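Take a look at the structure below.
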Amino acid sequence: MAAIAFKPGTYRDDFTFRNSEEAIRHFPFPFDKDSYMYAVNIEQHMPGPKKSATEFPIDVDEHYVAEMADRAMVLKEDPLRCQSQPHMITAEWDLLELLMSSMARDYPEHFALLRDGDRWHWINRPLGIEHRFTFGDTTTLPYGPMEYITRQCQGDFCLLDQRNDNLWMDAGIVTTQADWSLDFNLGMDFMEWHGPVPLAHDLGVFDRALKFLLNLQQGRPVRRLNWTMTVNPRLDTSPENYHKWGKDRASVTPENVGEKVHLRVELQALWRLPRSNAIVFSIRAYLIAMREVVTVPKWGRRLHRVLESLPPELVDYKGLTRYRDYTVAYLADYDDGAPTSPGFGPD
Amino acid sequence: MLVSDIKSRPVYQGLRFDPKARRHLVAADDEGAIAVEALAGEGGDTFARNATVLYTGRDDGRARIEALKTDAVYVTPTVPTLLTRLDVILAAAGMTDRLYVAGDEGFIGQVVALGMRHGIDHVSIRTEHRGSLQRRVQCVHCKGITEGVTTSIATCAHCGLHLIVRDHYSRRLAAFMGVCADAEEPGVLPPVEEIFK
């Protein structure tokens with residue numbers, strides 16, 4: 001396959017992040033019908049169509065270099081975004097193996113992993129990194145294994161320990177989150193960290209999801225999509241920095257909706273890990289501006305209908321209250337009332 | 001019993017005597033003393049002979065605790081001094097010791113978090129909520145803890161931001177989450193209500 005042309009772009013200050021036409025087609029649009037309600041929408045993490053976000057288990061795209069630069073900035077300002085409890089060290093090595101082997105296999109132009117027993121040689125060309133280390137020996141890496149590899153992989157990662165018929169969020173690196181705090185949630189069980197989500201508990205969504213995940217098998221990863229909206233292409237919409245970015249939500253006007261308001265989709269995937277029996281929970285965020293969404297006619301029509309009919313609890317929980325109406329009005333111009341075809345993809 | 005639909009908030013089951021324990025380690029504050037009285041009533045002489053009670057708070061609670069004539073009683077001037085003493089006791093504790101805690105939620109949370117740092121599974125700690133509904137709040141921005149919050153919006157004792165107290169509780173931090181209340185329109189705050197009395 002052709003090498004990826006990595007694009008410059010920023011996720012803060014001047015916000016120069018943009019999607020190319022190819023990146024728009026690559027975008028994991030999350031609605032397969034014209035309305036939205038929670039569901040346990042878990043499916044096998046099987047290879048998707050060519051050039052889609054699910055073509056490979058770990059997706060690397062044109063924003064890779066820019067996103068890794070943003071992660072480094074977040075960690076420099078707030079090292080508490082990356083934490084791991086001591087019993088998670090085996091899971092950290094499992095994660096390093098999963099990410100390095102996936103990236104090297106699926107993007108050989110950009111990454112290489114050479115193994116000689118436990119002596120590993122990792123090459124990351126886009127970031128200019130070449131490192132030889134001993135698998136299992138943390139003194140041979142500049143960071144812990146989880147932090148080392150996730151500073152080189154798009155998306156947030158949590159490592160979930162399994163015990164007492166529950167999953168425990170005992171490690172993670174979280175710099176691109178939709179308003180939740182790793183520092184606060186560290187050590188919580190599955191029901192506890194989902195505590196603030198409205199409606200879904202009563203629908204039994206989390207009971208079913210937990211039961212399913214406790215039985216997750218090695219070599220059979222699963223995925224789901226989640227979504228929210230963000231003003232400006234800001235990856236770090238953390239509660240930690242909410243006092244800095246919150247005012248963005250009041251900055252939307254009918255004139256700037258198309259540029260400012262972004263659909264933010266999380267491609268969440270879960271893998272069972274071989275040595276630790278822990279689960280990796282990856283949360284990869286994709287951003288697309290409203291003016292980019294409407295370049296795909298079906299997506300423009302559908303997003304208009306989804307936002308117009310969204311239950312009020314979800315409007316509030318997702319933080320859309322201040323700008324939902326402007327966004328619906330903007331999208332109305334791109335909704336001619338024509339029927340939309342089933343499924344996620346463009347027509 | 002404190003009943004709520006906050007999923008991340010622990011369920012405080014009440015102090016039940018554990019007849020299999022060799023030693024009973026009990027921490028209580030203020031009205032927690034009433035729960036310890038009931039525990040002592042259930043456990044009788046066995047409890048009294050083998051109980052170490054740490055207490056901090058008002059004199060009426062102190063009198064209740066001292067009247068139980070347990071093997072050892074430590075009355076401390078503050079919560080932090082109680083935790084310091086308990087920390088050392090837990091370092092020497094074993095598998096046959098049972099930890100109990102009764103009092104307000106912030107106090108329970110700090111004792112449970114201390115027990116967890118000594119390798120005690122939180123579900124094995126017997127807890128009973130007594131007294132105020134005031135909350136211990138962590139500012140998600142500066143990470144500082146503000147004690148004794150009774151209002152829907154509180155000022156962070158460390159960085160001074162106005163915080164909305166979210167219904168989300170961290171056992172590790174023994175605190176509810178506080179998030180900036182006027183981030184979207186600085187200076188514009190919802191009305192402050194006293195709701196955690």
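Each chain of the structure tokens is named A, B, ... in the order shown, its residues numbered from 1; ligands are numbered from 1 in display order.
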Using 10 Å as the limit and counting only C-alpha atoms, can you tabulate each residue of chain B that touches chain A, with its shortest atom-to-atom distance in Å and the two atoms involved, as JSON lines?
```
{"residue": "B:Asp5", "atom": "CA", "partner": "A:Gly195", "partner_atom": "CA", "distance": 9.1}
{"residue": "B:Ile6", "atom": "CA", "partner": "A:Gly195", "partner_atom": "CA", "distance": 6.6}
{"residue": "B:Lys7", "atom": "CA", "partner": "A:Gly195", "partner_atom": "CA", "distance": 4.6}
{"residue": "B:Ser8", "atom": "CA", "partner": "A:Glu192", "partner_atom": "CA", "distance": 4.0}
{"residue": "B:Arg9", "atom": "CA", "partner": "A:Glu192", "partner_atom": "CA", "distance": 7.6}
{"residue": "B:Pro10", "atom": "CA", "partner": "A:Glu192", "partner_atom": "CA", "distance": 9.0}
{"residue": "B:Gln138", "atom": "CA", "partner": "A:Phe184", "partner_atom": "CA", "distance": 8.6}
{"residue": "B:Cys139", "atom": "CA", "partner": "A:Glu240", "partner_atom": "CA", "distance": 8.7}
{"residue": "B:Val140", "atom": "CA", "partner": "A:Glu240", "partner_atom": "CA", "distance": 5.3}
{"residue": "B:His141", "atom": "CA", "partner": "A:Glu240", "partner_atom": "CA", "distance": 4.5}
{"residue": "B:Cys142", "atom": "CA", "partner": "A:Glu240", "partner_atom": "CA", "distance": 7.8}
{"residue": "B:Lys143", "atom": "CA", "partner": "A:Glu240", "partner_atom": "CA", "distance": 8.8}
{"residue": "B:Leu161", "atom": "CA", "partner": "A:His243", "partner_atom": "CA", "distance": 8.7}
{"residue": "B:His162", "atom": "CA", "partner": "A:His243", "partner_atom": "CA", "distance": 10.0}
{"residue": "B:Arg166", "atom": "CA", "partner": "A:Pro196", "partner_atom": "CA", "distance": 8.5}
{"residue": "B:Asp167", "atom": "CA", "partner": "A:Pro196", "partner_atom": "CA", "distance": 7.1}
{"residue": "B:His168", "atom": "CA", "partner": "A:Pro196", "partner_atom": "CA", "distance": 6.4}
{"residue": "B:Tyr169", "atom": "CA", "partner": "A:Glu192", "partner_atom": "CA", "distance": 8.2}
{"residue": "B:Ser170", "atom": "CA", "partner": "A:Phe184", "partner_atom": "CA", "distance": 6.1}
{"residue": "B:Arg171", "atom": "CA", "partner": "A:Met188", "partner_atom": "CA", "distance": 7.4}
{"residue": "B:Arg172", "atom": "CA", "partner": "A:Gly187", "partner_atom": "CA", "distance": 6.5}
{"residue": "B:Leu173", "atom": "CA", "partner": "A:Phe184", "partner_atom": "CA", "distance": 7.3}
{"residue": "B:Ala174", "atom": "CA", "partner": "A:Phe184", "partner_atom": "CA", "distance": 10.0}
{"residue": "B:Ala175", "atom": "CA", "partner": "A:Phe184", "partner_atom": "CA", "distance": 9.0}
{"residue": "B:Phe176", "atom": "CA", "partner": "A:Phe184", "partner_atom": "CA", "distance": 9.0}
{"residue": "B:Met177", "atom": "CA", "partner": "A:Phe184", "partner_atom": "CA", "distance": 7.6}
{"residue": "B:Gly178", "atom": "CA", "partner": "A:Pro239", "partner_atom": "CA", "distance": 9.5}
{"residue": "B:Val179", "atom": "CA", "partner": "A:Pro239", "partner_atom": "CA", "distance": 7.0}
{"residue": "B:Cys180", "atom": "CA", "partner": "A:His243", "partner_atom": "CA", "distance": 5.8}
{"residue": "B:Ala181", "atom": "CA", "partner": "A:His243", "partner_atom": "CA", "distance": 8.4}
{"residue": "B:Asp182", "atom": "CA", "partner": "A:His243", "partner_atom": "CA", "distance": 7.7}
{"residue": "B:Ala183", "atom": "CA", "partner": "A:His243", "partner_atom": "CA", "distance": 4.6}
{"residue": "B:Glu184", "atom": "CA", "partner": "A:Lys247", "partner_atom": "CA", "distance": 3.9}
{"residue": "B:Glu185", "atom": "CA", "partner": "A:Lys247", "partner_atom": "CA", "distance": 6.1}
{"residue": "B:Pro186", "atom": "CA", "partner": "A:Lys247", "partner_atom": "CA", "distance": 7.7}
```
Can those selected residues be exported to a file as a short mmCIF file (atom, residue, chain, number, x, y, z; two decimals), in the first residue's frame so that it contains N, CA, C and O atoms?
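For reference, result38.cif as written:
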```cif
data_model
loop_
_atom_site.label_atom_id
_atom_site.label_comp_id
_atom_site.auth_asym_id
_atom_site.auth_seq_id
_atom_site.Cartn_x
_atom_site.Cartn_y
_atom_site.Cartn_z
N ASP B 5 -28.87 6.72 44.10
CA ASP B 5 -28.73 6.01 42.82
C ASP B 5 -27.42 6.39 42.13
O ASP B 5 -27.26 6.21 40.94
N ILE B 6 -26.46 6.88 42.91
CA ILE B 6 -25.15 7.19 42.33
C ILE B 6 -24.37 5.88 42.23
O ILE B 6 -24.05 5.26 43.23
N LYS B 7 -24.12 5.45 40.99
CA LYS B 7 -23.58 4.09 40.79
C LYS B 7 -22.16 3.94 41.34
O LYS B 7 -21.76 2.84 41.69
N SER B 8 -21.42 5.02 41.35
CA SER B 8 -20.04 4.89 41.81
C SER B 8 -19.91 5.09 43.32
O SER B 8 -18.83 4.97 43.87
N ARG B 9 -21.04 5.40 43.98
CA ARG B 9 -20.97 5.60 45.43
C ARG B 9 -21.03 4.23 46.12
O ARG B 9 -21.87 3.40 45.79
N PRO B 10 -20.15 3.99 47.09
CA PRO B 10 -20.20 2.69 47.79
C PRO B 10 -21.54 2.50 48.49
O PRO B 10 -22.21 3.46 48.85
N GLN B 138 -12.94 16.39 45.41
CA GLN B 138 -11.66 16.62 44.74
C GLN B 138 -11.88 17.59 43.58
O GLN B 138 -12.75 17.36 42.72
N CYS B 139 -11.10 18.65 43.54
CA CYS B 139 -11.12 19.56 42.40
C CYS B 139 -10.41 18.84 41.24
O CYS B 139 -9.24 18.48 41.36
N VAL B 140 -11.14 18.62 40.14
CA VAL B 140 -10.55 17.86 39.04
C VAL B 140 -9.45 18.67 38.34
O VAL B 140 -8.62 18.12 37.64
N HIS B 141 -9.43 19.98 38.60
CA HIS B 141 -8.46 20.85 37.92
C HIS B 141 -7.12 20.88 38.66
O HIS B 141 -6.09 20.54 38.09
N CYS B 142 -7.14 21.23 39.95
CA CYS B 142 -5.86 21.33 40.69
C CYS B 142 -5.60 20.08 41.53
O CYS B 142 -4.52 19.94 42.08
N LYS B 143 -6.61 19.18 41.64
CA LYS B 143 -6.53 17.91 42.38
C LYS B 143 -6.57 18.09 43.89
O LYS B 143 -6.36 17.13 44.64
N LEU B 161 -11.32 27.98 42.36
CA LEU B 161 -12.37 27.88 41.34
C LEU B 161 -13.71 27.53 42.02
O LEU B 161 -13.73 26.87 43.05
N HIS B 162 -14.82 27.96 41.40
CA HIS B 162 -16.14 27.55 41.85
C HIS B 162 -16.43 26.18 41.25
O HIS B 162 -16.38 26.02 40.02
N ARG B 166 -20.19 16.92 41.31
CA ARG B 166 -20.84 15.89 40.50
C ARG B 166 -21.19 14.67 41.34
O ARG B 166 -20.50 14.36 42.30
N ASP B 167 -22.24 13.97 40.94
CA ASP B 167 -22.61 12.73 41.62
C ASP B 167 -21.73 11.59 41.13
O ASP B 167 -22.21 10.61 40.54
N HIS B 168 -20.43 11.72 41.35
CA HIS B 168 -19.50 10.68 40.89
C HIS B 168 -18.42 10.58 41.96
O HIS B 168 -17.80 11.58 42.31
N TYR B 169 -18.22 9.35 42.47
CA TYR B 169 -17.40 9.15 43.66
C TYR B 169 -16.22 8.24 43.34
O TYR B 169 -16.39 7.21 42.69
N SER B 170 -15.04 8.62 43.81
CA SER B 170 -13.84 7.79 43.64
C SER B 170 -13.43 7.20 44.98
O SER B 170 -13.13 7.93 45.92
N ARG B 171 -13.43 5.88 45.06
CA ARG B 171 -13.03 5.21 46.29
C ARG B 171 -11.54 5.44 46.55
O ARG B 171 -11.11 5.61 47.68
N ARG B 172 -10.76 5.43 45.49
CA ARG B 172 -9.31 5.61 45.64
C ARG B 172 -9.00 6.99 46.26
O ARG B 172 -8.12 7.13 47.10
N LEU B 173 -9.74 7.99 45.84
CA LEU B 173 -9.50 9.35 46.34
C LEU B 173 -10.37 9.67 47.55
O LEU B 173 -10.16 10.69 48.21
N ALA B 174 -11.37 8.80 47.82
CA ALA B 174 -12.34 9.05 48.89
C ALA B 174 -12.99 10.42 48.70
O ALA B 174 -13.09 11.21 49.64
N ALA B 175 -13.44 10.70 47.48
CA ALA B 175 -13.97 12.04 47.22
C ALA B 175 -14.93 12.03 46.03
O ALA B 175 -14.83 11.18 45.14
N PHE B 176 -15.85 12.99 46.05
CA PHE B 176 -16.67 13.29 44.89
C PHE B 176 -15.89 14.22 43.96
O PHE B 176 -14.93 14.87 44.38
N MET B 177 -16.36 14.26 42.70
CA MET B 177 -15.65 15.10 41.72
C MET B 177 -16.21 16.51 41.73
O MET B 177 -17.42 16.71 41.67
N GLY B 178 -15.32 17.49 41.77
CA GLY B 178 -15.71 18.89 41.64
C GLY B 178 -15.20 19.43 40.31
O GLY B 178 -14.03 19.28 39.98
N VAL B 179 -16.13 20.04 39.53
CA VAL B 179 -15.79 20.54 38.20
C VAL B 179 -16.19 22.01 38.09
O VAL B 179 -17.28 22.38 38.56
N CYS B 180 -15.38 22.80 37.48
CA CYS B 180 -15.60 24.24 37.34
C CYS B 180 -17.05 24.55 36.93
O CYS B 180 -17.55 24.03 35.94
N ALA B 181 -17.70 25.41 37.73
CA ALA B 181 -19.13 25.66 37.55
C ALA B 181 -19.41 26.74 36.51
O ALA B 181 -20.52 26.82 35.99
N ASP B 182 -18.43 27.60 36.23
CA ASP B 182 -18.70 28.73 35.34
C ASP B 182 -17.71 28.77 34.18
O ASP B 182 -17.37 29.84 33.69
N ALA B 183 -17.29 27.60 33.73
CA ALA B 183 -16.29 27.54 32.64
C ALA B 183 -16.85 28.11 31.34
O ALA B 183 -16.15 28.75 30.58
N GLU B 184 -18.14 27.85 31.07
CA GLU B 184 -18.69 28.24 29.77
C GLU B 184 -18.99 29.73 29.73
O GLU B 184 -18.84 30.36 28.69
N GLU B 185 -19.44 30.28 30.86
CA GLU B 185 -19.63 31.75 30.96
C GLU B 185 -19.02 32.19 32.29
O GLU B 185 -19.71 32.19 33.30
N PRO B 186 -17.73 32.53 32.27
CA PRO B 186 -17.06 32.87 33.53
C PRO B 186 -17.83 33.93 34.32
O PRO B 186 -18.30 34.93 33.76
#
```
### Query
Running DSSP on the backbone, which parts of range 114-171 of chain B land in alpha helix (DSSP H), as a ChimeraX atom specification?
/B:114-117
### Task
Do a neighbour search on Pro142 in chain A at 12 Å with only C-alpha atoms, toss out local chain neighbours closer than 2 positions, and write the hits as a PyMOL selection string.
chain A and resi 129+131-133+137-140+144-149+151
### Task
With a distance cut-off of 12 Å and only C-alpha atoms, select the neighbouring residues of Gln110 in chain B, excluding the residue or stretch itself and same-chain residues fewer than 4 positions from it, and output the selection as a count of residues only.
32
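When CA of Gln83 in chain A is paired with CA of Gly172 in chain A, their separation reads 5.7 Å.
Distance check against Asp14 in chain A using only C-alpha atoms: of A:Met46, A:Arg234, A:Pro346, A:Cys153, the minimum falls on A:Arg234.
Between CA of Thr176 in chain A and CA of Gln154 in chain A there is a distance of 9.4 Å.
For Thr295 in chain A, the set of protein, DNA and RNA residues having any atom at most 10 Å away, when counting only C-alpha atoms and skipping those fewer than 6 positions along the same chain, is A:Glu21, A:Ile24, A:Arg25, A:Tyr334.
In this structure, CA of Val265 in chain A sits 20.5 Å away from CA of Phe6 in chain A.
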### Query
Which polymer residues have any atom within 10 Å of an atom of range 95-100 of chain B, counting only C-alpha atoms, with same-chain residues fewer than 5 positions away left out, as a count of residues only?
33
